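Notes for the one structure printed next.
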Amino acid sequence: MKLIITKHNLGLWAASYIRTRWQARSKEPFVLGLPTGGTVVDMYAALVGLVKNGKMSFRNIVTFNMDEYVGLPPQHEQSYHYYMHQHLFSQVDAPSANIHILNGMAPDLHAECSLYEKAIEQAGGIDLFLGGVGRNGHLAFNEPGSAFNSRTRVMELTDSTRQANARFFGNNPALVPSQALTVGIGTVLQAKELLFLASGVSKAEAVARLAQGEITPSWPITALKTHSRAALLADPEAASALTGPAKAYWEQARAQHPDEDVILTL
Ligand code: GLP
């Protein structure tokens, strides 16, 4: 996999990459896996801009979101349904039948998860899975310890994640739902291509674990290293805990070409 360290806006970078892959698609529909979170707000704004300028369309894109809190209705401002509507779907030309988001209010959560896996399969699998990274290295809501072959399921959220996400719930971790539905790490790894984004110093340890640590379920992000077409796009703050040869390579490349992205093969 590749670790790409860029000084450019991660959202613009990722949106432009999505457009390139969409243009080069080899089949209809183009199937995207989508994340939520603060990191990817700019990415959605950039995608909306591309659609409004006529440079991209969601008419032939099918989307599957990664996760959703259990117990929050779609109208709840912190539900991922609400987030996606606000940041993307209310502003682009995506047919509603093409949009898939796990229903955290489903009466049978386990059935909801297996239907989601079937829907991904029926859509022909995910072409490009976008994602963010939790401070503890979680992917989607796959908390540390999640098996790399895990599939869509109910997850108990860790205290670390509830604390990190409390900023969206009046800074009160007790208001953050204790459970979520999430695609599994195995579901993510089955996508043809992965592009994950990490910004800010709060992600630095997770990025350093990815670059320098062993591949382990204790750090779910390290599962990306087992995929043949995966990239993590990081800003310099998120890369700030790199040490050893990775840091040396980055510093040398940065000194030689200060305005260019630095690409490390992990
Ligand atoms: C939540 C989401 C993850 C996301 C993470 C990081 O926990 N379930 O999919 O990667 O937040 O969010 P942020 O970008 O706000 O740091």
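FYI, nothing fancy with the structure tokens labels: chains A, B, ... in order, residues from 1 per chain, ligands from 1 as they appear.
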
Within 9 Å of Gln91 in chain A using only C-alpha atoms, minus same-chain residues under 5 positions, as a compact mmCIF listing (two decimals) with N, CA and C atoms, in the first residue's frame:
# COMPACT_ATOMS: atom_id res chain seq x y z
N VAL A 48 -19.51 18.14 -4.36
CA VAL A 48 -20.69 18.95 -4.69
C VAL A 48 -20.29 20.00 -5.73
N VAL A 51 -19.99 18.48 -9.16
CA VAL A 51 -21.30 18.18 -9.76
C VAL A 51 -21.97 19.49 -10.21
N LYS A 52 -21.90 20.50 -9.38
CA LYS A 52 -22.53 21.79 -9.75
C LYS A 52 -21.89 22.42 -10.97
N HIS A 85 -27.01 13.43 3.99
CA HIS A 85 -28.01 14.25 3.31
C HIS A 85 -27.51 15.69 3.24
N GLN A 86 -27.03 16.15 4.40
CA GLN A 86 -26.59 17.55 4.49
C GLN A 86 -25.36 17.84 3.62

Would you list, as number ranges by chain, the residues of range 42-155 of chain A that end up in strand (DSSP E or B) under DSSP run on this structure's backbone?
A: 61-65, 67-69, 99-100, 128-131, 139, 142, 153-155

Hey, can you spit out that residue selection with N, CA and C atoms as a PDB file, in the first residue's frame?
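Result file part-v9.pdb:
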ATOM      1  N   ILE A  61     -23.707   6.434 -10.141  1.00  0.00           N
ATOM      2  CA  ILE A  61     -22.915   6.013  -8.976  1.00  0.00           C
ATOM      3  C   ILE A  61     -23.846   5.407  -7.937  1.00  0.00           C
ATOM      4  N   VAL A  62     -23.456   4.269  -7.420  1.00  0.00           N
ATOM      5  CA  VAL A  62     -24.200   3.630  -6.319  1.00  0.00           C
ATOM      6  C   VAL A  62     -23.321   3.785  -5.080  1.00  0.00           C
ATOM      7  N   THR A  63     -23.918   4.171  -3.969  1.00  0.00           N
ATOM      8  CA  THR A  63     -23.112   4.395  -2.762  1.00  0.00           C
ATOM      9  C   THR A  63     -23.534   3.493  -1.601  1.00  0.00           C
ATOM     10  N   PHE A  64     -22.548   3.109  -0.834  1.00  0.00           N
ATOM     11  CA  PHE A  64     -22.761   2.360   0.409  1.00  0.00           C
ATOM     12  C   PHE A  64     -21.988   3.061   1.512  1.00  0.00           C
ATOM     13  N   ASN A  65     -22.688   3.572   2.503  1.00  0.00           N
ATOM     14  CA  ASN A  65     -21.978   4.183   3.632  1.00  0.00           C
ATOM     15  C   ASN A  65     -21.410   3.115   4.542  1.00  0.00           C
ATOM     16  N   ASP A  67     -21.068   3.140   7.963  1.00  0.00           N
ATOM     17  CA  ASP A  67     -21.545   2.881   9.327  1.00  0.00           C
ATOM     18  C   ASP A  67     -22.677   3.822   9.720  1.00  0.00           C
ATOM     19  N   GLU A  68     -23.302   3.510  10.825  1.00  0.00           N
ATOM     20  CA  GLU A  68     -24.369   4.355  11.377  1.00  0.00           C
ATOM     21  C   GLU A  68     -24.525   4.010  12.852  1.00  0.00           C
ATOM     22  N   TYR A  69     -24.858   5.016  13.637  1.00  0.00           N
ATOM     23  CA  TYR A  69     -25.124   4.768  15.057  1.00  0.00           C
ATOM     24  C   TYR A  69     -26.409   3.961  15.211  1.00  0.00           C
ATOM     25  N   ILE A  99     -28.690   5.041  -3.140  1.00  0.00           N
ATOM     26  CA  ILE A  99     -28.039   5.407  -1.875  1.00  0.00           C
ATOM     27  C   ILE A  99     -28.320   4.333  -0.825  1.00  0.00           C
ATOM     28  N   HIS A 100     -27.266   3.831  -0.216  1.00  0.00           N
ATOM     29  CA  HIS A 100     -27.436   2.824   0.837  1.00  0.00           C
ATOM     30  C   HIS A 100     -26.733   3.283   2.117  1.00  0.00           C
ATOM     31  N   LEU A 128     -14.493   1.590  -5.215  1.00  0.00           N
ATOM     32  CA  LEU A 128     -13.560   2.440  -4.467  1.00  0.00           C
ATOM     33  C   LEU A 128     -14.171   2.728  -3.106  1.00  0.00           C
ATOM     34  N   PHE A 129     -13.478   2.300  -2.054  1.00  0.00           N
ATOM     35  CA  PHE A 129     -13.971   2.536  -0.688  1.00  0.00           C
ATOM     36  C   PHE A 129     -13.163   3.684  -0.106  1.00  0.00           C
ATOM     37  N   LEU A 130     -13.868   4.773   0.235  1.00  0.00           N
ATOM     38  CA  LEU A 130     -13.235   5.907   0.908  1.00  0.00           C
ATOM     39  C   LEU A 130     -13.417   5.718   2.398  1.00  0.00           C
ATOM     40  N   GLY A 131     -12.497   6.251   3.185  1.00  0.00           N
ATOM     41  CA  GLY A 131     -12.667   6.107   4.633  1.00  0.00           C
ATOM     42  C   GLY A 131     -11.869   7.131   5.407  1.00  0.00           C
ATOM     43  N   LEU A 139     -11.366   1.605  11.725  1.00  0.00           N
ATOM     44  CA  LEU A 139     -11.821   1.823  10.361  1.00  0.00           C
ATOM     45  C   LEU A 139     -13.325   1.656  10.373  1.00  0.00           C
ATOM     46  N   ASN A 142     -15.083  -0.297  13.116  1.00  0.00           N
ATOM     47  CA  ASN A 142     -14.398  -1.534  13.527  1.00  0.00           C
ATOM     48  C   ASN A 142     -13.374  -1.177  14.588  1.00  0.00           C
ATOM     49  N   ARG A 153     -21.821  -5.720  10.836  1.00  0.00           N
ATOM     50  CA  ARG A 153     -22.351  -6.213  12.107  1.00  0.00           C
ATOM     51  C   ARG A 153     -22.566  -5.070  13.108  1.00  0.00           C
ATOM     52  N   VAL A 154     -23.088  -5.470  14.290  1.00  0.00           N
ATOM     53  CA  VAL A 154     -23.287  -4.516  15.383  1.00  0.00           C
ATOM     54  C   VAL A 154     -21.971  -4.431  16.150  1.00  0.00           C
ATOM     55  N   MET A 155     -21.561  -3.212  16.506  1.00  0.00           N
ATOM     56  CA  MET A 155     -20.303  -3.037  17.236  1.00  0.00           C
ATOM     57  C   MET A 155     -20.548  -2.233  18.509  1.00  0.00           C
TER      58      MET A 155
END

Separation of CA of His138 in chain A from CA of Asn171 in chain A, in Å and rounded to one decimal:
20.4 Å

Using only C-alpha atoms, which protein or nucleic acid residues come within 9 Å of Ile185 in chain A? Drop anything in the same chain fewer than 3 positions from it, and give the result as a ChimeraX atom specification.
/A:139-140,142,146-152,188-190,220,223

Check the DSSP output for the backbone and give back, as a ChimeraX atom specification, the residues of range 36-142 of chain A in alpha helix (DSSP H).
/A:41-52,80-84,109-122

Keeping N, CA, C and O atoms for every residue in the selection just given, could you write it to a file as a tab-separated table (two decimals), in the first residue's frame?
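The result, stored in part-v6.tsv:
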chain	number	residue	atom	x	y	z
A	41	VAL	N	-15.44	16.25	5.39
A	41	VAL	CA	-16.39	17.32	5.06
A	41	VAL	C	-15.94	18.07	3.80
A	41	VAL	O	-16.72	18.32	2.89
A	42	ASP	N	-14.64	18.39	3.74
A	42	ASP	CA	-14.12	19.11	2.56
A	42	ASP	C	-14.24	18.26	1.29
A	42	ASP	O	-14.43	18.80	0.20
A	43	MET	N	-14.09	16.97	1.44
A	43	MET	CA	-14.19	16.09	0.27
A	43	MET	C	-15.61	16.17	-0.33
A	43	MET	O	-15.78	16.28	-1.54
A	44	TYR	N	-16.61	16.15	0.57
A	44	TYR	CA	-17.98	16.24	0.07
A	44	TYR	C	-18.25	17.61	-0.55
A	44	TYR	O	-18.91	17.71	-1.58
A	45	ALA	N	-17.72	18.66	0.07
A	45	ALA	CA	-17.92	20.00	-0.50
A	45	ALA	C	-17.31	20.06	-1.90
A	45	ALA	O	-17.89	20.63	-2.82
A	46	ALA	N	-16.14	19.44	-2.05
A	46	ALA	CA	-15.47	19.44	-3.36
A	46	ALA	C	-16.26	18.61	-4.38
A	46	ALA	O	-16.38	19.00	-5.55
A	47	LEU	N	-16.83	17.48	-3.94
A	47	LEU	CA	-17.63	16.67	-4.87
A	47	LEU	C	-18.87	17.45	-5.31
A	47	LEU	O	-19.25	17.42	-6.48
A	48	VAL	N	-19.51	18.14	-4.36
A	48	VAL	CA	-20.69	18.95	-4.69
A	48	VAL	C	-20.29	20.00	-5.73
A	48	VAL	O	-21.00	20.23	-6.72
A	49	GLY	N	-19.13	20.63	-5.52
A	49	GLY	CA	-18.64	21.63	-6.48
A	49	GLY	C	-18.46	21.04	-7.87
A	49	GLY	O	-18.85	21.63	-8.87
A	50	LEU	N	-17.90	19.84	-7.93
A	50	LEU	CA	-17.68	19.20	-9.23
A	50	LEU	C	-19.00	18.93	-9.94
A	50	LEU	O	-19.14	19.12	-11.14
A	51	VAL	N	-19.99	18.48	-9.16
A	51	VAL	CA	-21.30	18.18	-9.76
A	51	VAL	C	-21.97	19.49	-10.21
A	51	VAL	O	-22.50	19.57	-11.32
A	52	LYS	N	-21.90	20.50	-9.38
A	52	LYS	CA	-22.53	21.79	-9.75
A	52	LYS	C	-21.89	22.42	-10.97
A	52	LYS	O	-22.53	23.11	-11.74
A	80	TYR	N	-25.66	9.51	10.80
A	80	TYR	CA	-24.89	9.57	9.56
A	80	TYR	C	-25.82	9.73	8.34
A	80	TYR	O	-25.39	10.23	7.30
A	81	HIS	N	-27.11	9.34	8.50
A	81	HIS	CA	-28.09	9.65	7.45
A	81	HIS	C	-28.16	11.16	7.27
A	81	HIS	O	-28.12	11.68	6.16
A	82	TYR	N	-28.28	11.86	8.39
A	82	TYR	CA	-28.41	13.32	8.35
A	82	TYR	C	-27.15	13.95	7.74
A	82	TYR	O	-27.22	14.83	6.88
A	83	TYR	N	-26.01	13.49	8.21
A	83	TYR	CA	-24.71	14.00	7.73
A	83	TYR	C	-24.64	13.86	6.20
A	83	TYR	O	-24.27	14.80	5.50
A	84	MET	N	-24.97	12.68	5.70
A	84	MET	CA	-24.82	12.43	4.26
A	84	MET	C	-25.80	13.28	3.45
A	84	MET	O	-25.47	13.78	2.37
A	109	LEU	N	-31.38	-5.81	13.91
A	109	LEU	CA	-30.12	-5.23	13.45
A	109	LEU	C	-29.25	-6.24	12.71
A	109	LEU	O	-28.55	-5.89	11.76
A	110	HIS	N	-29.33	-7.50	13.14
A	110	HIS	CA	-28.50	-8.53	12.50
A	110	HIS	C	-28.99	-8.78	11.06
A	110	HIS	O	-28.18	-8.91	10.13
A	111	ALA	N	-30.31	-8.80	10.89
A	111	ALA	CA	-30.87	-8.99	9.55
A	111	ALA	C	-30.49	-7.79	8.67
A	111	ALA	O	-30.14	-7.94	7.50
A	112	GLU	N	-30.53	-6.59	9.25
A	112	GLU	CA	-30.15	-5.38	8.51
A	112	GLU	C	-28.71	-5.51	7.97
A	112	GLU	O	-28.43	-5.19	6.83
A	113	CYS	N	-27.84	-6.05	8.83
A	113	CYS	CA	-26.43	-6.19	8.43
A	113	CYS	C	-26.27	-7.23	7.32
A	113	CYS	O	-25.51	-6.98	6.36
A	114	SER	N	-26.98	-8.36	7.42
A	114	SER	CA	-26.78	-9.34	6.33
A	114	SER	C	-27.40	-8.85	5.03
A	114	SER	O	-26.85	-9.12	3.95
A	115	LEU	N	-28.51	-8.11	5.12
A	115	LEU	CA	-29.09	-7.55	3.88
A	115	LEU	C	-28.14	-6.55	3.23
A	115	LEU	O	-28.06	-6.46	2.01
A	116	TYR	N	-27.39	-5.84	4.05
A	116	TYR	CA	-26.45	-4.84	3.53
A	116	TYR	C	-25.34	-5.54	2.74
A	116	TYR	O	-24.97	-5.11	1.65
A	117	GLU	N	-24.83	-6.62	3.32
A	117	GLU	CA	-23.79	-7.39	2.61
A	117	GLU	C	-24.33	-7.89	1.27
A	117	GLU	O	-23.62	-7.85	0.26
A	118	LYS	N	-25.58	-8.37	1.28
A	118	LYS	CA	-26.17	-8.88	0.02
A	118	LYS	C	-26.32	-7.76	-1.00
A	118	LYS	O	-26.09	-7.95	-2.20
A	119	ALA	N	-26.72	-6.58	-0.52
A	119	ALA	CA	-26.92	-5.45	-1.44
A	119	ALA	C	-25.59	-5.05	-2.09
A	119	ALA	O	-25.55	-4.73	-3.29
A	120	ILE	N	-24.51	-5.10	-1.31
A	120	ILE	CA	-23.18	-4.77	-1.88
A	120	ILE	C	-22.83	-5.78	-2.98
A	120	ILE	O	-22.38	-5.43	-4.07
A	121	GLU	N	-23.10	-7.04	-2.67
A	121	GLU	CA	-22.80	-8.10	-3.64
A	121	GLU	C	-23.62	-7.90	-4.91
A	121	GLU	O	-23.11	-8.00	-6.02
A	122	GLN	N	-24.92	-7.59	-4.71
A	122	GLN	CA	-25.80	-7.42	-5.88
A	122	GLN	C	-25.38	-6.23	-6.74
A	122	GLN	O	-25.62	-6.21	-7.94

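For ligand 1, the set of protein, DNA and RNA residues within 8 Å, based on only C-alpha atoms and all ligand atoms, reads Pro35, Thr36, Gly37, Gly38, Thr39, Val40, Met66, Asp67, Glu68, Gly131, Gly132, Val133, Gly134, Arg135, His138, Leu139, Ala140, Phe141, Thr161, Ala164, Asn165, Thr182, Ala198, Ser199 and Lys203 of chain A.
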
Could the residues in this selection be written to a file with N, CA and C atoms, as a tab-separated table (two decimals), in the first residue's frame?
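After the write, part_32.tsv holds the following:
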chain	number	residue	atom	x	y	z
A	35	PRO	N	-17.55	7.36	3.73
A	35	PRO	CA	-17.41	7.58	5.17
A	35	PRO	C	-18.13	8.85	5.63
A	36	THR	N	-18.12	9.05	6.93
A	36	THR	CA	-18.57	10.32	7.51
A	36	THR	C	-17.41	10.84	8.37
A	37	GLY	N	-17.66	11.90	9.14
A	37	GLY	CA	-16.61	12.41	10.03
A	37	GLY	C	-16.13	13.78	9.59
A	38	GLY	N	-15.41	14.43	10.48
A	38	GLY	CA	-14.92	15.78	10.21
A	38	GLY	C	-13.91	15.82	9.07
A	39	THR	N	-13.09	14.78	8.97
A	39	THR	CA	-12.01	14.76	7.97
A	39	THR	C	-12.53	14.89	6.55
A	40	VAL	N	-13.70	14.31	6.29
A	40	VAL	CA	-14.16	14.22	4.89
A	40	VAL	C	-15.20	15.28	4.51
A	66	MET	N	-20.37	3.51	5.26
A	66	MET	CA	-19.66	2.55	6.11
A	66	MET	C	-20.40	2.17	7.37
A	67	ASP	N	-21.07	3.14	7.96
A	67	ASP	CA	-21.55	2.88	9.33
A	67	ASP	C	-22.68	3.82	9.72
A	68	GLU	N	-23.30	3.51	10.82
A	68	GLU	CA	-24.37	4.35	11.38
A	68	GLU	C	-24.52	4.01	12.85
A	131	GLY	N	-12.50	6.25	3.18
A	131	GLY	CA	-12.67	6.11	4.63
A	131	GLY	C	-11.87	7.13	5.41
A	132	GLY	N	-12.22	7.26	6.67
A	132	GLY	CA	-11.43	8.04	7.60
A	132	GLY	C	-10.76	7.08	8.57
A	133	VAL	N	-10.13	7.61	9.58
A	133	VAL	CA	-9.42	6.78	10.57
A	133	VAL	C	-9.76	7.29	11.96
A	134	GLY	N	-10.08	6.38	12.87
A	134	GLY	CA	-10.31	6.80	14.25
A	134	GLY	C	-8.99	7.05	14.96
A	135	ARG	N	-9.05	7.79	16.06
A	135	ARG	CA	-7.80	8.07	16.80
A	135	ARG	C	-7.16	6.78	17.27
A	138	HIS	N	-9.34	2.89	14.42
A	138	HIS	CA	-10.49	2.15	13.89
A	138	HIS	C	-10.82	2.55	12.46
A	139	LEU	N	-11.37	1.61	11.73
A	139	LEU	CA	-11.82	1.82	10.36
A	139	LEU	C	-13.33	1.66	10.37
A	140	ALA	N	-14.06	2.61	9.79
A	140	ALA	CA	-15.52	2.65	9.94
A	140	ALA	C	-15.77	2.63	11.44
A	141	PHE	N	-16.54	1.67	11.97
A	141	PHE	CA	-16.63	1.55	13.42
A	141	PHE	C	-16.04	0.22	13.86
A	161	THR	N	-13.54	5.99	21.42
A	161	THR	CA	-14.32	6.50	20.29
A	161	THR	C	-15.46	7.40	20.77
A	164	ALA	N	-13.93	10.63	21.62
A	164	ALA	CA	-13.51	11.39	20.42
A	164	ALA	C	-14.74	11.99	19.72
A	165	ASN	N	-15.85	11.27	19.70
A	165	ASN	CA	-17.03	11.75	18.97
A	165	ASN	C	-17.95	12.60	19.84
A	182	THR	N	-21.72	-1.34	11.49
A	182	THR	CA	-20.55	-1.01	10.66
A	182	THR	C	-20.28	-2.11	9.64
A	198	ALA	N	-6.42	10.77	6.62
A	198	ALA	CA	-6.13	11.07	8.02
A	198	ALA	C	-5.61	12.49	8.11
A	199	SER	N	-6.24	13.30	8.95
A	199	SER	CA	-5.74	14.66	9.10
A	199	SER	C	-5.61	15.02	10.57
A	203	LYS	N	-4.45	11.92	14.75
A	203	LYS	CA	-4.35	10.66	14.00
A	203	LYS	C	-2.90	10.19	13.84

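With only C-alpha atoms as the atoms that count, the minimum distance from Lys27 in chain A to the choices A:Asn9, A:Asn60, A:Ser202, A:Asn103 is reached by A:Asn60.
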
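Distance-wise, CA of Ala106 in chain A and CA of His76 in chain A end up 15.1 Å apart.
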
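CA of Gly104 in chain A to CA of Leu72 in chain A spans 6.5 Å [interatomic distance, one decimal].
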
Shell of 6 Å around Glu193 in chain A, only C-alpha atoms, local chain residues under 2 positions omitted, as a PDB file with N, CA and C atoms, in the first residue's frame:
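Contents of around-v2.pdb, freshly written:
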ATOM      1  N   LEU A 128     -14.493   1.590  -5.215  1.00  0.00           N
ATOM      2  CA  LEU A 128     -13.560   2.440  -4.467  1.00  0.00           C
ATOM      3  C   LEU A 128     -14.171   2.728  -3.106  1.00  0.00           C
ATOM      4  N   ALA A 191     -13.274  -4.492  -1.323  1.00  0.00           N
ATOM      5  CA  ALA A 191     -13.396  -3.464  -2.362  1.00  0.00           C
ATOM      6  C   ALA A 191     -12.194  -3.549  -3.296  1.00  0.00           C
ATOM      7  N   ARG A 229      -4.397  -2.640  -3.495  1.00  0.00           N
ATOM      8  CA  ARG A 229      -4.593  -1.290  -4.063  1.00  0.00           C
ATOM      9  C   ARG A 229      -5.164  -0.367  -2.989  1.00  0.00           C
ATOM     10  N   ALA A 230      -4.353  -0.069  -2.002  1.00  0.00           N
ATOM     11  CA  ALA A 230      -4.813   0.786  -0.910  1.00  0.00           C
ATOM     12  C   ALA A 230      -3.876   1.963  -0.760  1.00  0.00           C
TER      13      ALA A 230
END

Would you kindly return, as an MDAnalysis selection string, each protein, DNA or RNA residue with an atom no farther than 12 Å from any atom of Gly213 in chain A, considering only C-alpha atoms and excluding same-chain residues fewer than 5 positions away?
chainID A and resid 137 205:208 218:223 225 242:244 246 266

Restrict the selected residues to N, CA and C atoms and save them as an mmCIF file, in the first residue's frame.
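Dumped to again37.cif:
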data_model
loop_
_atom_site.group_PDB
_atom_site.id
_atom_site.type_symbol
_atom_site.label_atom_id
_atom_site.label_comp_id
_atom_site.auth_asym_id
_atom_site.auth_seq_id
_atom_site.Cartn_x
_atom_site.Cartn_y
_atom_site.Cartn_z
ATOM 1 N N GLY A 137 -7.208 4.102 15.653
ATOM 2 C CA GLY A 137 -6.925 3.289 14.471
ATOM 3 C C GLY A 137 -8.132 2.553 13.924
ATOM 4 N N GLU A 205 -0.623 8.908 15.841
ATOM 5 C CA GLU A 205 -0.191 7.590 16.337
ATOM 6 C C GLU A 205 -0.700 6.477 15.413
ATOM 7 N N ALA A 206 -1.957 6.605 14.967
ATOM 8 C CA ALA A 206 -2.512 5.578 14.072
ATOM 9 C C ALA A 206 -1.707 5.508 12.769
ATOM 10 N N VAL A 207 -1.326 6.674 12.233
ATOM 11 C CA VAL A 207 -0.558 6.685 10.979
ATOM 12 C C VAL A 207 0.831 6.079 11.207
ATOM 13 N N ALA A 208 1.441 6.388 12.358
ATOM 14 C CA ALA A 208 2.761 5.821 12.654
ATOM 15 C C ALA A 208 2.675 4.299 12.815
ATOM 16 N N SER A 218 -5.211 -5.168 16.683
ATOM 17 C CA SER A 218 -5.216 -4.142 17.727
ATOM 18 C C SER A 218 -5.214 -2.741 17.122
ATOM 19 N N TRP A 219 -4.723 -2.651 15.888
ATOM 20 C CA TRP A 219 -4.736 -1.383 15.147
ATOM 21 C C TRP A 219 -5.402 -1.670 13.806
ATOM 22 N N PRO A 220 -6.746 -1.562 13.752
ATOM 23 C CA PRO A 220 -7.471 -1.960 12.531
ATOM 24 C C PRO A 220 -6.943 -1.318 11.251
ATOM 25 N N ILE A 221 -6.412 -0.097 11.376
ATOM 26 C CA ILE A 221 -5.889 0.588 10.177
ATOM 27 C C ILE A 221 -4.814 -0.237 9.476
ATOM 28 N N THR A 222 -4.088 -1.067 10.240
ATOM 29 C CA THR A 222 -3.006 -1.848 9.626
ATOM 30 C C THR A 222 -3.531 -2.897 8.640
ATOM 31 N N ALA A 223 -4.842 -3.142 8.653
ATOM 32 C CA ALA A 223 -5.439 -4.065 7.671
ATOM 33 C C ALA A 223 -5.258 -3.528 6.255
ATOM 34 N N LYS A 225 -2.734 -2.587 4.916
ATOM 35 C CA LYS A 225 -1.483 -3.101 4.334
ATOM 36 C C LYS A 225 -1.665 -4.457 3.660
ATOM 37 N N LEU A 242 5.837 9.877 12.578
ATOM 38 C CA LEU A 242 6.695 8.904 11.885
ATOM 39 C C LEU A 242 8.101 8.992 12.461
ATOM 40 N N THR A 243 8.765 7.856 12.517
ATOM 41 C CA THR A 243 10.152 7.832 12.991
ATOM 42 C C THR A 243 10.974 6.974 12.015
ATOM 43 N N GLY A 244 12.252 6.869 12.284
ATOM 44 C CA GLY A 244 13.117 5.933 11.553
ATOM 45 C C GLY A 244 13.165 6.200 10.061
ATOM 46 N N ALA A 246 11.056 5.837 7.632
ATOM 47 C CA ALA A 246 9.907 6.519 7.012
ATOM 48 C C ALA A 246 10.052 8.026 7.177
ATOM 49 N N LEU A 266 4.511 1.106 1.660
ATOM 50 C CA LEU A 266 4.619 0.418 2.963
ATOM 51 C C LEU A 266 4.598 -1.088 2.741
#

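By chain and then residue number, the residues within 9 Å of Asp127 in chain A are Arg21, Arg25, Phe30, Val31, Leu32, Gly33, Ala191, Lys192, Glu193 and Leu194 of chain A, counting only C-alpha atoms and disregarding those fewer than 4 positions away in sequence.
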
Based on the selection just made, write N, CA, C and O atoms of those residues as a PDB file, in the first residue's frame.
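Output (result.pdb):
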ATOM      1  N   ARG A  21     -11.272   8.284 -11.052  1.00  0.00           N
ATOM      2  CA  ARG A  21     -11.651   6.861 -11.067  1.00  0.00           C
ATOM      3  C   ARG A  21     -13.032   6.671 -11.696  1.00  0.00           C
ATOM      4  O   ARG A  21     -13.287   5.688 -12.376  1.00  0.00           O
ATOM      5  N   ARG A  25     -13.997   4.466 -15.114  1.00  0.00           N
ATOM      6  CA  ARG A  25     -14.714   3.247 -14.680  1.00  0.00           C
ATOM      7  C   ARG A  25     -14.866   2.288 -15.852  1.00  0.00           C
ATOM      8  O   ARG A  25     -15.032   2.696 -16.995  1.00  0.00           O
ATOM      9  N   PHE A  30     -20.790   2.707 -11.140  1.00  0.00           N
ATOM     10  CA  PHE A  30     -19.553   2.849 -10.363  1.00  0.00           C
ATOM     11  C   PHE A  30     -19.991   2.815  -8.899  1.00  0.00           C
ATOM     12  O   PHE A  30     -20.903   3.543  -8.503  1.00  0.00           O
ATOM     13  N   VAL A  31     -19.379   1.942  -8.102  1.00  0.00           N
ATOM     14  CA  VAL A  31     -19.855   1.740  -6.728  1.00  0.00           C
ATOM     15  C   VAL A  31     -18.838   2.304  -5.738  1.00  0.00           C
ATOM     16  O   VAL A  31     -17.683   1.899  -5.711  1.00  0.00           O
ATOM     17  N   LEU A  32     -19.324   3.247  -4.928  1.00  0.00           N
ATOM     18  CA  LEU A  32     -18.453   3.918  -3.951  1.00  0.00           C
ATOM     19  C   LEU A  32     -18.821   3.518  -2.532  1.00  0.00           C
ATOM     20  O   LEU A  32     -20.007   3.477  -2.179  1.00  0.00           O
ATOM     21  N   GLY A  33     -17.817   3.261  -1.704  1.00  0.00           N
ATOM     22  CA  GLY A  33     -18.029   3.133  -0.262  1.00  0.00           C
ATOM     23  C   GLY A  33     -17.721   4.496   0.343  1.00  0.00           C
ATOM     24  O   GLY A  33     -16.719   5.119  -0.025  1.00  0.00           O
ATOM     25  N   ALA A 191     -13.274  -4.492  -1.323  1.00  0.00           N
ATOM     26  CA  ALA A 191     -13.396  -3.464  -2.362  1.00  0.00           C
ATOM     27  C   ALA A 191     -12.194  -3.549  -3.296  1.00  0.00           C
ATOM     28  O   ALA A 191     -11.108  -3.952  -2.887  1.00  0.00           O
ATOM     29  N   LYS A 192     -12.397  -3.105  -4.538  1.00  0.00           N
ATOM     30  CA  LYS A 192     -11.295  -3.202  -5.501  1.00  0.00           C
ATOM     31  C   LYS A 192     -10.166  -2.228  -5.139  1.00  0.00           C
ATOM     32  O   LYS A 192      -8.998  -2.491  -5.393  1.00  0.00           O
ATOM     33  N   GLU A 193     -10.543  -1.095  -4.555  1.00  0.00           N
ATOM     34  CA  GLU A 193      -9.536  -0.083  -4.254  1.00  0.00           C
ATOM     35  C   GLU A 193      -9.934   0.668  -2.989  1.00  0.00           C
ATOM     36  O   GLU A 193     -11.136   0.870  -2.732  1.00  0.00           O
ATOM     37  N   LEU A 194      -8.946   1.100  -2.208  1.00  0.00           N
ATOM     38  CA  LEU A 194      -9.211   1.811  -0.945  1.00  0.00           C
ATOM     39  C   LEU A 194      -8.458   3.131  -0.924  1.00  0.00           C
ATOM     40  O   LEU A 194      -7.280   3.184  -1.277  1.00  0.00           O
TER      41      LEU A 194
END
